[in-house]
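**Q** Data: my_file39.csv, CSV, C-alpha atoms.
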chain,number,residue,atom,x,y,z
S,1,MET,CA,-42.2,75.6,97.1
S,2,ILE,CA,-43.2,75.4,93.4
S,3,ARG,CA,-41.3,73.0,91.2
S,4,ILE,CA,-41.6,71.3,87.8
S,5,HIS,CA,-43.0,67.9,88.4
S,6,VAL,CA,-44.1,66.7,85.0
S,7,THR,CA,-43.8,67.7,81.4
S,8,SER,CA,-45.3,65.9,78.4
S,9,VAL,CA,-45.0,64.7,74.9
S,10,MET,CA,-48.2,64.1,72.9
S,11,VAL,CA,-48.3,60.5,71.5
S,12,ASP,CA,-50.6,58.8,69.1
S,13,ASP,CA,-50.4,55.5,70.9
S,14,GLN,CA,-49.4,55.2,74.5
S,15,GLU,CA,-48.3,51.6,74.4
S,16,LYS,CA,-46.1,52.1,71.4
S,17,ALA,CA,-44.7,55.3,73.0
S,18,LEU,CA,-43.9,53.3,76.2
S,19,GLN,CA,-42.0,50.7,74.2
S,20,PHE,CA,-40.1,53.4,72.3
S,21,TYR,CA,-39.2,55.6,75.3
S,22,THR,CA,-38.2,52.8,77.5
S,23,GLY,CA,-37.0,50.1,75.0
S,24,LYS,CA,-35.1,52.4,72.6
S,25,LEU,CA,-34.4,55.7,74.4
S,26,GLY,CA,-33.7,54.2,77.8
S,27,PHE,CA,-36.2,55.9,80.1
S,28,ILE,CA,-37.8,54.0,83.0
S,29,LYS,CA,-41.5,53.7,83.6
S,30,LYS,CA,-42.5,55.6,86.7
S,31,THR,CA,-46.3,55.8,87.1
S,32,GLU,CA,-49.2,54.0,85.3
S,33,ILE,CA,-52.7,54.9,86.4
S,34,PRO,CA,-55.7,53.6,84.4
S,35,MET,CA,-57.9,56.4,83.3
S,36,GLY,CA,-60.7,54.9,81.2
S,37,GLU,CA,-59.6,54.7,77.6
S,38,HIS,CA,-56.1,56.1,78.4
S,39,ARG,CA,-53.5,56.0,81.2
S,40,TRP,CA,-51.6,58.5,83.3
S,41,LEU,CA,-48.3,57.1,82.1
S,42,THR,CA,-44.9,58.7,82.9
S,43,VAL,CA,-41.3,57.8,82.5
S,44,VAL,CA,-38.1,59.2,84.1
S,45,GLY,CA,-34.4,59.3,83.4
S,46,PRO,CA,-32.5,56.3,84.8
S,47,ASN,CA,-30.3,58.6,86.9
S,48,GLU,CA,-33.1,60.9,87.9
S,49,GLN,CA,-35.8,58.7,89.1
S,50,ASN,CA,-37.0,61.3,91.6
S,51,GLY,CA,-36.8,64.0,89.0
S,52,VAL,CA,-39.1,65.5,86.5
S,53,GLU,CA,-41.5,63.0,84.9
S,54,LEU,CA,-42.3,62.8,81.2
S,55,LEU,CA,-45.9,62.2,80.6
S,56,LEU,CA,-46.7,60.1,77.5
S,57,GLU,CA,-49.9,62.0,76.9
S,58,PRO,CA,-52.5,60.5,74.6
S,59,MET,CA,-53.5,62.6,71.6
S,60,ALA,CA,-57.1,62.9,72.5
S,61,PHE,CA,-57.6,66.6,71.6
S,62,GLY,CA,-58.2,67.0,67.9
S,63,PRO,CA,-56.6,70.4,67.3
S,64,ALA,CA,-53.4,69.2,68.9
S,65,ARG,CA,-52.9,66.8,66.0
S,66,VAL,CA,-52.7,69.8,63.6
S,67,TYR,CA,-50.0,71.4,65.8
S,68,GLN,CA,-48.1,68.1,66.2
S,69,GLN,CA,-48.2,67.4,62.4
S,70,ALA,CA,-47.0,70.9,61.6
S,71,LEU,CA,-44.0,70.5,63.8
S,72,LYS,CA,-43.3,67.1,62.5
S,73,ASP,CA,-43.4,68.2,58.8
S,74,ALA,CA,-41.1,71.1,59.5
S,75,GLY,CA,-38.6,68.9,61.4
S,76,ILE,CA,-39.0,71.0,64.5
S,77,PRO,CA,-38.5,69.0,67.8
S,78,LEU,CA,-41.3,68.9,70.2
S,79,THR,CA,-38.8,68.8,73.0
S,80,SER,CA,-35.2,68.1,73.8
S,81,PHE,CA,-33.4,65.6,76.0
S,82,MET,CA,-29.9,65.9,77.3
S,83,VAL,CA,-27.4,63.1,76.7
S,84,ASP,CA,-23.7,62.7,77.5
S,85,ASN,CA,-22.6,62.0,74.0
S,86,VAL,CA,-24.8,62.7,70.9
S,87,GLN,CA,-22.6,60.8,68.5
S,88,GLN,CA,-22.7,57.7,70.6
S,89,GLU,CA,-26.4,57.9,71.0
S,90,PHE,CA,-26.9,58.5,67.3
S,91,GLU,CA,-24.9,55.3,66.5
S,92,ARG,CA,-26.6,53.2,69.2
S,93,LEU,CA,-30.1,54.3,68.2
S,94,THR,CA,-29.5,54.1,64.5
S,95,ALA,CA,-28.3,50.5,65.1
S,96,ALA,CA,-31.5,49.9,67.0
S,97,GLY,CA,-33.6,51.1,64.0
S,98,VAL,CA,-34.4,54.6,65.1
S,99,GLN,CA,-34.7,57.1,62.3
S,100,PHE,CA,-33.0,60.5,62.5
S,101,THR,CA,-34.3,63.6,60.7
S,102,MET,CA,-31.1,65.5,61.6
S,103,THR,CA,-27.7,63.8,62.0
S,104,PRO,CA,-25.3,65.0,64.7
S,105,LYS,CA,-24.3,68.6,64.2
S,106,VAL,CA,-22.2,71.0,66.3
S,107,MET,CA,-24.0,74.3,66.9
S,108,GLY,CA,-21.8,76.5,68.9
S,109,PRO,CA,-21.8,75.2,72.5
S,110,VAL,CA,-23.9,72.1,71.8
S,111,MET,CA,-24.0,69.1,69.6
S,112,ILE,CA,-27.6,68.2,68.5
S,113,ALA,CA,-29.4,65.6,66.5
S,114,VAL,CA,-33.1,65.0,65.9
S,115,LEU,CA,-34.9,61.7,65.9
S,116,ASP,CA,-38.4,60.4,65.0
S,117,ASP,CA,-40.1,59.0,68.1
S,118,THR,CA,-42.5,57.0,65.9
S,119,CYS,CA,-45.4,58.5,67.9
S,120,GLY,CA,-45.7,61.7,65.9
S,121,ASN,CA,-42.9,63.7,67.2
S,122,ASN,CA,-39.4,64.9,66.4
S,123,ILE,CA,-37.2,64.8,69.5
S,124,GLN,CA,-33.9,66.6,69.8
S,125,LEU,CA,-30.9,65.1,71.6
S,126,THR,CA,-28.5,67.7,73.0
S,127,GLN,CA,-25.0,67.4,74.4
S,128,MET,CA,-23.3,70.4,76.0
S,129,LEU,CA,-19.8,70.7,74.6
T,1,MET,CA,-28.8,59.0,49.1
T,2,ILE,CA,-28.7,62.7,49.9
T,3,ARG,CA,-31.3,63.6,52.5
T,4,GLU,CA,-33.2,66.8,52.1
T,5,LYS,CA,-32.7,69.2,55.0
T,6,THR,CA,-35.8,70.0,57.1
T,7,TYR,CA,-37.0,73.5,57.8
T,8,TYR,CA,-35.7,73.2,61.3
T,9,GLU,CA,-32.2,72.2,60.1
T,10,LEU,CA,-32.0,75.0,57.7
T,11,GLU,CA,-33.1,77.5,60.4
T,12,VAL,CA,-30.6,76.2,62.9
T,13,GLU,CA,-27.8,76.6,60.3
T,14,LYS,CA,-29.0,80.1,59.4
T,15,ILE,CA,-29.0,81.2,63.1
T,16,ALA,CA,-25.5,79.7,63.6
T,17,ALA,CA,-24.1,81.5,60.6
T,18,ARG,CA,-25.7,84.8,61.6
T,19,TYR,CA,-25.1,84.9,65.3
T,20,GLY,CA,-22.5,82.3,66.0
T,21,LEU,CA,-19.0,83.1,67.3
T,22,PRO,CA,-15.8,82.1,65.5
T,23,GLU,CA,-15.1,78.4,66.1
T,24,TYR,CA,-11.8,79.1,68.0
T,25,GLN,CA,-13.7,81.0,70.6
T,26,TYR,CA,-16.1,78.1,71.2
T,27,ILE,CA,-13.0,75.9,71.6
T,28,GLN,CA,-11.5,78.3,74.1
T,29,VAL,CA,-14.7,78.4,76.2
T,30,ARG,CA,-15.1,74.6,76.0
T,31,GLN,CA,-11.6,74.3,77.4
T,32,SER,CA,-12.6,76.3,80.5
T,33,LYS,CA,-15.7,74.3,80.9
T,34,ALA,CA,-13.7,71.0,80.7
T,35,PHE,CA,-11.3,72.5,83.2
T,36,MET,CA,-14.1,73.1,85.7
T,37,GLU,CA,-15.6,69.6,85.2
T,38,LYS,CA,-12.1,68.1,85.8
T,39,CYS,CA,-11.0,70.3,88.7
T,40,TYR,CA,-14.3,70.9,90.6
T,41,ALA,CA,-13.0,69.1,93.6
T,42,GLU,CA,-10.2,71.6,94.1
T,43,LYS,CA,-10.2,75.1,95.2
T,44,ILE,CA,-10.1,76.9,91.9
T,45,GLU,CA,-10.1,80.6,91.2
T,46,LEU,CA,-11.7,82.5,88.4
T,47,THR,CA,-8.3,83.5,87.1
T,48,GLN,CA,-7.3,79.9,86.7
T,49,ILE,CA,-10.5,79.1,84.8
T,50,ALA,CA,-9.9,82.1,82.5
T,51,GLN,CA,-6.4,80.9,81.9
T,52,ALA,CA,-7.7,77.5,80.8
T,53,ALA,CA,-9.5,79.5,78.0
T,54,CYS,CA,-6.4,81.5,77.3
T,55,MET,CA,-8.3,84.8,78.0
T,56,SER,CA,-8.3,87.7,80.3
T,57,ARG,CA,-10.7,87.3,83.2
T,58,PHE,CA,-13.0,90.1,82.1
T,59,HIS,CA,-13.3,89.0,78.5
T,60,PHE,CA,-13.7,85.4,79.6
T,61,ILE,CA,-16.6,86.0,81.9
T,62,ARG,CA,-18.5,87.9,79.2
T,63,LEU,CA,-17.8,85.3,76.6
T,64,PHE,CA,-18.6,82.3,78.8
T,65,GLN,CA,-22.0,83.8,79.7
T,66,SER,CA,-22.8,84.6,76.1
T,67,VAL,CA,-22.1,81.0,75.1
T,68,TYR,CA,-23.6,79.1,78.0
T,69,GLY,CA,-26.1,81.6,79.4
T,70,VAL,CA,-24.7,81.4,83.0
T,71,THR,CA,-21.5,82.9,84.6
T,72,PRO,CA,-18.5,80.6,85.1
T,73,ARG,CA,-19.1,80.8,88.8
T,74,GLN,CA,-22.7,79.7,88.4
T,75,TYR,CA,-21.6,76.9,86.1
T,76,LEU,CA,-19.0,75.6,88.6
T,77,ARG,CA,-21.5,75.8,91.4
T,78,ASP,CA,-23.9,73.7,89.3
T,79,VAL,CA,-21.2,71.1,88.5
T,80,ARG,CA,-20.4,70.8,92.2
T,81,ILE,CA,-24.1,70.4,93.1
T,82,HIS,CA,-24.6,67.8,90.4
T,83,LYS,CA,-21.6,65.8,91.6
T,84,ALA,CA,-22.7,66.1,95.2
T,85,MET,CA,-26.1,64.7,94.3
T,86,GLU,CA,-24.4,61.7,92.6
T,87,LEU,CA,-22.3,61.1,95.7
T,88,PHE,CA,-25.3,61.4,98.0
T,89,ARG,CA,-27.1,58.8,95.9
T,90,LYS,CA,-24.1,56.5,96.6
T,91,GLY,CA,-24.7,56.9,100.3
T,92,ILE,CA,-21.6,59.1,101.0
T,93,PRO,CA,-22.0,61.2,104.1
T,94,VAL,CA,-22.4,65.0,103.9
T,95,ALA,CA,-19.0,66.0,105.4
T,96,ARG,CA,-17.1,63.9,102.9
T,97,VAL,CA,-19.3,65.0,99.9
T,98,CYS,CA,-18.6,68.6,100.9
T,99,TYR,CA,-14.8,68.1,100.6
T,100,GLU,CA,-15.1,66.0,97.5
T,101,VAL,CA,-16.8,68.7,95.6
T,102,GLY,CA,-14.4,71.5,96.5
T,103,TYR,CA,-15.9,73.1,99.6
T,104,GLN,CA,-13.9,73.5,102.8
T,105,SER,CA,-16.8,74.3,105.0
T,106,THR,CA,-20.0,72.1,105.4
T,107,SER,CA,-22.1,75.2,106.3
T,108,THR,CA,-21.0,77.0,103.1
T,109,PHE,CA,-21.6,73.8,101.1
T,110,SER,CA,-25.1,73.2,102.7
T,111,GLY,CA,-26.0,76.8,101.9
T,112,VAL,CA,-24.9,76.6,98.3
T,113,PHE,CA,-26.7,73.2,97.9
T,114,LYS,CA,-29.9,74.6,99.4
T,115,ARG,CA,-29.8,77.6,97.1
T,116,GLY,CA,-29.2,75.4,94.1
T,117,THR,CA,-31.7,72.7,94.8
T,118,GLY,CA,-34.2,74.1,97.2
T,119,LEU,CA,-33.3,71.4,99.7
T,120,SER,CA,-30.6,71.1,102.3
T,121,PRO,CA,-28.4,68.1,102.0
T,122,LYS,CA,-30.3,66.5,104.9
T,123,GLU,CA,-33.6,67.1,103.1
T,124,TYR,CA,-32.2,65.8,99.9
T,125,LEU,CA,-31.1,62.6,101.5
T,126,ALA,CA,-34.5,62.1,103.2
T,127,GLN,CA,-36.2,62.6,99.8
T,128,GLN,CA,-33.9,60.0,98.3
T,129,ASN,CA,-34.4,57.6,101.1
T,130,SER,CA,-38.2,58.0,100.8
T,131,ASN,CA,-38.1,56.5,97.3
T,132,PRO,CA,-39.5,53.0,97.7
T,133,GLU,CA,-37.0,51.6,95.2
In structure tokens, how does this file's structure come out?
**A**
Amino acid sequence: MIRIHVTSVMVDDQEKALQFYTGKLGFIKKTEIPMGEHRWLTVVGPNEQNGVELLLEPMAFGPARVYQQALKDAGIPLTSFMVDNVQQEFERLTAAGVQFTMTPKVMGPVMIAVLDDTCGNNIQLTQML
Amino acid sequence: MIREKTYYELEVEKIAARYGLPEYQYIQVRQSKAFMEKCYAEKIELTQIAQAACMSRFHFIRLFQSVYGVTPRQYLRDVRIHKAMELFRKGIPVARVCYEVGYQSTSTFSGVFKRGTGLSPKEYLAQQNSNPE
């Protein structure tokens, strides 16, 4: 049966990304496989350690940088993560030094906020209301 | 210091202003969602869920689906499956989990769980137990 196993965020520095995604956001490292210059490096949510893995994908393909930069400049999130409480995460992460490009905002059935992952991406946090 | 809004933020606001529902309707639908999240362990009928939103059953189903993209019945099923997975991870046996998430029959529960996750409760437990950590 087909299933979603992995999705990815492009990052400019895998080690920096690992520190941010685990140390700040709270993900847990799942796999780390050396692959020459880079690594197959994935993280998972603490409550879904058998769930979909997030690949911290090295930015090794030049044209992808153009795409990533365009999204970044427009404030558009590369992807979105679900949290239980956006306001609490905003306060926790702000205190930890994380920069937000959009502060918590109610948009119909959800509350959203957008942060800078320091690796070239905007990431949206979403809470279902 | 006033922060300049990003293109994304402006677009999000534009879409909300153009296509969003009146705030009171979001509040009503959220009340029904909260009701399901609180009462998932009980046998609850659609009429009760609609009452939590202070709406007629017909109007409620349409509005809930337009807000959350799934029917209230699908949402309740997903809440129950999610809770069941949490209980399985705590090592609680299938029969007890079945009753704790609002099903009276283990065969009905197993069927719903399989349709929702692709795995039977037994397969899900085996997958969890195969995790070396």
**Q** Skipping near chain neighbours, those fewer than 5 positions away, what residues fall within 9 Å of Leu125 (chain S) using all atoms listed in the file, listed as number ranges by chain?
**A** S: 79-83, 86, 89-90, 104, 111-115
**Q** Kindly provide the residues of chain S that approach chain T to within 9 Å, each paired with its closest atom pair and their distance in Å to one decimal, based on all atoms listed in the file, listed by chain and increasing number, as JSON lines.
**A**
{"residue": "S:Met1", "atom": "CA", "partner": "T:Gly118", "partner_atom": "CA", "distance": 8.1}
{"residue": "S:Asn47", "atom": "CA", "partner": "T:Glu86", "partner_atom": "CA", "distance": 8.8}
{"residue": "S:Gln49", "atom": "CA", "partner": "T:Asn131", "partner_atom": "CA", "distance": 8.8}
{"residue": "S:Asn50", "atom": "CA", "partner": "T:Gln128", "partner_atom": "CA", "distance": 7.5}
{"residue": "S:Asp73", "atom": "CA", "partner": "T:Thr6", "partner_atom": "CA", "distance": 8.0}
{"residue": "S:Ala74", "atom": "CA", "partner": "T:Tyr7", "partner_atom": "CA", "distance": 5.0}
{"residue": "S:Gly75", "atom": "CA", "partner": "T:Tyr8", "partner_atom": "CA", "distance": 5.2}
{"residue": "S:Ile76", "atom": "CA", "partner": "T:Tyr8", "partner_atom": "CA", "distance": 5.1}
{"residue": "S:Pro77", "atom": "CA", "partner": "T:Tyr8", "partner_atom": "CA", "distance": 8.2}
{"residue": "S:Thr101", "atom": "CA", "partner": "T:Thr6", "partner_atom": "CA", "distance": 7.5}
{"residue": "S:Met102", "atom": "CA", "partner": "T:Glu9", "partner_atom": "CA", "distance": 7.0}
{"residue": "S:Met107", "atom": "CA", "partner": "T:Ala16", "partner_atom": "CA", "distance": 6.5}
{"residue": "S:Gly108", "atom": "CA", "partner": "T:Tyr26", "partner_atom": "CA", "distance": 6.4}
{"residue": "S:Pro109", "atom": "CA", "partner": "T:Val67", "partner_atom": "CA", "distance": 6.4}
{"residue": "S:Met128", "atom": "CA", "partner": "T:Tyr68", "partner_atom": "CA", "distance": 8.9}
{"residue": "S:Leu129", "atom": "CA", "partner": "T:Arg30", "partner_atom": "CA", "distance": 6.3}
**Q** Rounded to one decimal place, report the CA of Ile49 (chain T)-CA of Arg73 (chain T) distance in Å.
**A** 9.6 Å
**Q** Set the distance at 9 Å and use all atoms listed in the file: which residues neighbour region 24-32 of chain S once local chain neighbours fewer than 6 positions away are removed? I'd like the list as a list of chain:residue names.
**A**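 The contact residues come out as S:Leu18, S:Arg39, S:Trp40, S:Leu41, S:Thr42, S:Val43, S:Val44, S:Gly45, S:Pro46, S:Gln49, S:Glu53, S:Glu89, S:Leu93, S:Ala96, S:Gly97, S:Val98.
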**Q** Quick one: distance from CA of Ser110 (chain T) to CA of Ala95 (chain T) in Å, one decimal?
**A**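 Between CA of Ser110 (chain T) and CA of Ala95 (chain T) the gap is 9.8 Å.
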**Q** Just to confirm, what's the straight-line distance from CA of Val112 (chain T) to CA of Lys83 (chain T) in Å (one decimal)?
**A**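 Going from CA of Val112 (chain T) over to CA of Lys83 (chain T), I get 13.1 Å.
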**Q** Might you pull out every residue within 12 Å of Arg96 (chain T), with all atoms listed in the file counted and same-chain residues fewer than 4 positions away left off, and present them as a list of chain:residue names?
**A**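 Surrounding residues, per the criterion: T:Ala41, T:Ala84, T:Leu87, T:Phe88, T:Lys90, T:Gly91, T:Ile92, T:Glu100, T:Val101, T:Gly102, T:Tyr103, T:Gln104, T:Ser105, T:Thr106, T:Phe109.
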